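One structure is given here, and the rest of the page talks about it.
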Amino acid sequence: MPNPSKLINIAAEGLIVLGALAAVYDLMRGRIDRARESFGNLLTFAGVRVLGLVFREAGVLSVLYAMQRHAWVRLPAGALTSVACFLLADLIYFSRHWLYHHWRVMWLIHSAHHSSHDFTLTTAIRVNWLGGFIEDFFYILPVLAGFPLGEVYFWRVFVRVHQTWVHTQKIGSLGFLDRIFHTPSIHRVHHASNAPYRYRNYGGVLNIWDRMAGTFQPELADVKPLFGPAEPTRSMNPFKIVFEGWGLFFRDLGRARTPRALLATLFSRPEIRPRITS
Ligand SMILES: [Zn+2]
């Protein structure tokens, strides 16, 4: 298994190249609004990359390395361990993603990814700067459960990279694959806020977790997905994209006059207003 840092670097650089190509392509085709958004998404991801280079190695990865020493068991290397590690990484992705949409504090980290009415390949890199760090901590569990860190990180990056190509409107239904795997059709549903698509399809690679949780919804031929919330973030300023909604949250925290009200705000669900018209 390759070194975790190398894996992250390869994936991140691939995503930057992909984003830049998409932005230039849109510009050449005269699609100014989309090119503008792609540049905004690219600038946002540049922040992810800079923070990752500065803090990841010394911070989160060193915590995961340290956790290896406290593993409860050591699992033997082999195909069975690898398959189990993939399933666990995919389940962690699903669980964390569900939490992003159901807890306001977590939504602050994820809302940037859903704040546009557009849905293109560069939406995949429209992500909050803190997301990668928070996500890494969820992988302490498989490390403690005895999976080798290289293996854990390989599947963590694998699921993340799979989540890139699904941000497209160019690939329609893929037939039976849509029933098993998280495909572009399934992910369009996740990014839609209109009924019956709201709060659906949190999976990474497999749909099995959504099916078990009752949150699976295929794309319907007669219901067009309307992407993003009622009020999108129209700016291409990465600071606005990343911190939209944070001010409102801290204002609500400041208005809480009792410990009970404070806890209620801290553990509230996000209010995501659905789109009704395109
Ligand atoms: Zn989401």
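By order in the structure tokens, chains are A, B, ...; within a chain, residues start at 1; ligands start at 1, following the order shown.
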Could you report the residues within 10 Å of ligand 1, using only C-alpha atoms and all ligand atoms, as a PDB file with C-alpha atoms, in the first residue's frame?
ATOM      1  CA  PHE A  94     -21.918   7.194   4.749  1.00  0.00           C
ATOM      2  CA  ARG A  96     -20.172  10.965   8.473  1.00  0.00           C
ATOM      3  CA  HIS A  97     -22.052  12.282   5.448  1.00  0.00           C
ATOM      4  CA  TRP A  98     -25.409  11.613   7.141  1.00  0.00           C
ATOM      5  CA  LEU A  99     -24.148  13.541  10.179  1.00  0.00           C
ATOM      6  CA  TYR A 100     -23.066  16.448   7.960  1.00  0.00           C
ATOM      7  CA  HIS A 101     -26.688  16.858   6.855  1.00  0.00           C
ATOM      8  CA  TRP A 107     -23.435  21.249   8.254  1.00  0.00           C
ATOM      9  CA  HIS A 110     -20.420  20.623   4.501  1.00  0.00           C
ATOM     10  CA  SER A 111     -22.803  23.390   3.363  1.00  0.00           C
ATOM     11  CA  ALA A 112     -20.215  24.938   0.997  1.00  0.00           C
ATOM     12  CA  HIS A 113     -20.402  21.781  -1.080  1.00  0.00           C
ATOM     13  CA  HIS A 114     -24.179  22.162  -1.481  1.00  0.00           C
ATOM     14  CA  HIS A 187     -25.507  11.681  -6.550  1.00  0.00           C
ATOM     15  CA  HIS A 190     -28.273  13.774  -3.160  1.00  0.00           C
ATOM     16  CA  HIS A 191     -27.591  17.336  -4.365  1.00  0.00           C
ATOM     17  CA  ALA A 192     -31.272  18.040  -5.087  1.00  0.00           C
ATOM     18  CA  TYR A 199     -32.112  14.146   2.549  1.00  0.00           C
ATOM     19  CA  ARG A 200     -31.340  11.123   0.395  1.00  0.00           C
ATOM     20  CA  ASN A 201     -28.327   9.105  -0.835  1.00  0.00           C
ATOM     21  CA  TYR A 202     -25.417   9.700   1.550  1.00  0.00           C
ATOM     22  CA  GLY A 203     -23.355   6.735   0.342  1.00  0.00           C
TER      23      GLY A 203
END
Requested in this report: Show which residues sit within 9 Å of Ala23 of chain A, as a list in words. Count only C-alpha atoms, and ignore same-chain residues fewer than 4 positions away.
Outcome: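 Residues meeting the cut-off are Leu18, Gly19, Leu27, Met28, Arg34, Ala35, Arg36, Glu37, Ser38, Phe39, Leu42 and Thr122 of chain A.
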What does the file look like for those residues with C-alpha atoms, as a short mmCIF file (atom, residue, chain, number, x, y, z; two decimals), in the first residue's frame?
data_model
loop_
_atom_site.label_atom_id
_atom_site.label_comp_id
_atom_site.auth_asym_id
_atom_site.auth_seq_id
_atom_site.Cartn_x
_atom_site.Cartn_y
_atom_site.Cartn_z
CA LEU A 18 -9.40 18.50 -13.30
CA GLY A 19 -10.89 21.70 -11.86
CA LEU A 27 -14.41 29.84 -20.53
CA MET A 28 -13.53 28.72 -24.07
CA ARG A 34 -20.17 28.30 -15.13
CA ALA A 35 -16.49 29.25 -15.66
CA ARG A 36 -16.83 31.80 -12.85
CA GLU A 37 -18.23 29.15 -10.57
CA SER A 38 -15.53 26.65 -11.57
CA PHE A 39 -12.83 29.22 -10.70
CA LEU A 42 -10.94 25.85 -7.69
CA THR A 122 -15.81 21.09 -10.07
#
Query raised in the report: Near segment 130-133 of chain A, counting only C-alpha atoms, which residues have an atom at most 8 Å away, once you skip same-chain residues fewer than 5 positions from it, shown as a ChimeraX atom specification?
Result: /A:48,52,56,60,109-110
Query raised in the report: Near Leu75 of chain A, within 8 Å and counting only C-alpha atoms, which residues show up once chain neighbours fewer than 4 positions away are dropped, as an MDAnalysis selection string?
Result: chainID A and resid 81 146:148
Query raised in the report: Would you give me, as a list in words, the residues in segment 76-248 of chain A that DSSP reads as strand (DSSP E or B)?
Result: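 Put together, the selection reads Phe181, Ala192, Leu206 and Phe227 of chain A.
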**Report entry** For Arg234 of chain A: contacts at 8 Å, only C-alpha atoms, fewer than 2 positions along chain excluded, given as number ranges by chain
**Finding:** A: 116, 232, 236
Report task. Mind checking which residues fall within 10 Å of segment 252-254 of chain A, counting only C-alpha atoms, ignoring those fewer than 4 positions away in the same chain, and posting them as a VMD selection string? Result -> chain A and resid 246 to 248 261 to 266
Could the residues in this selection be written to a file with N, CA and C atoms, as a tab-separated table (two decimals), in the first residue's frame?
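The file below, selection20.tsv, is the result:
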chain	number	residue	atom	x	y	z
A	246	TRP	N	-21.84	30.67	8.82
A	246	TRP	CA	-21.14	30.61	10.11
A	246	TRP	C	-21.57	31.78	11.00
A	247	GLY	N	-21.70	32.97	10.40
A	247	GLY	CA	-22.08	34.17	11.16
A	247	GLY	C	-23.42	33.96	11.85
A	248	LEU	N	-24.37	33.40	11.09
A	248	LEU	CA	-25.72	33.17	11.61
A	248	LEU	C	-25.68	32.19	12.79
A	261	ALA	N	-30.62	26.47	26.25
A	261	ALA	CA	-30.77	27.09	24.92
A	261	ALA	C	-29.47	26.95	24.13
A	262	LEU	N	-28.34	27.07	24.85
A	262	LEU	CA	-27.03	26.93	24.20
A	262	LEU	C	-26.86	25.52	23.63
A	263	LEU	N	-27.22	24.53	24.46
A	263	LEU	CA	-27.11	23.13	24.01
A	263	LEU	C	-28.06	22.86	22.86
A	264	ALA	N	-29.28	23.45	22.95
A	264	ALA	CA	-30.27	23.25	21.89
A	264	ALA	C	-29.74	23.80	20.56
A	265	THR	N	-29.04	24.94	20.61
A	265	THR	CA	-28.46	25.52	19.38
A	265	THR	C	-27.30	24.66	18.89
A	266	LEU	N	-26.45	24.25	19.85
A	266	LEU	CA	-25.27	23.45	19.46
A	266	LEU	C	-25.67	22.13	18.80
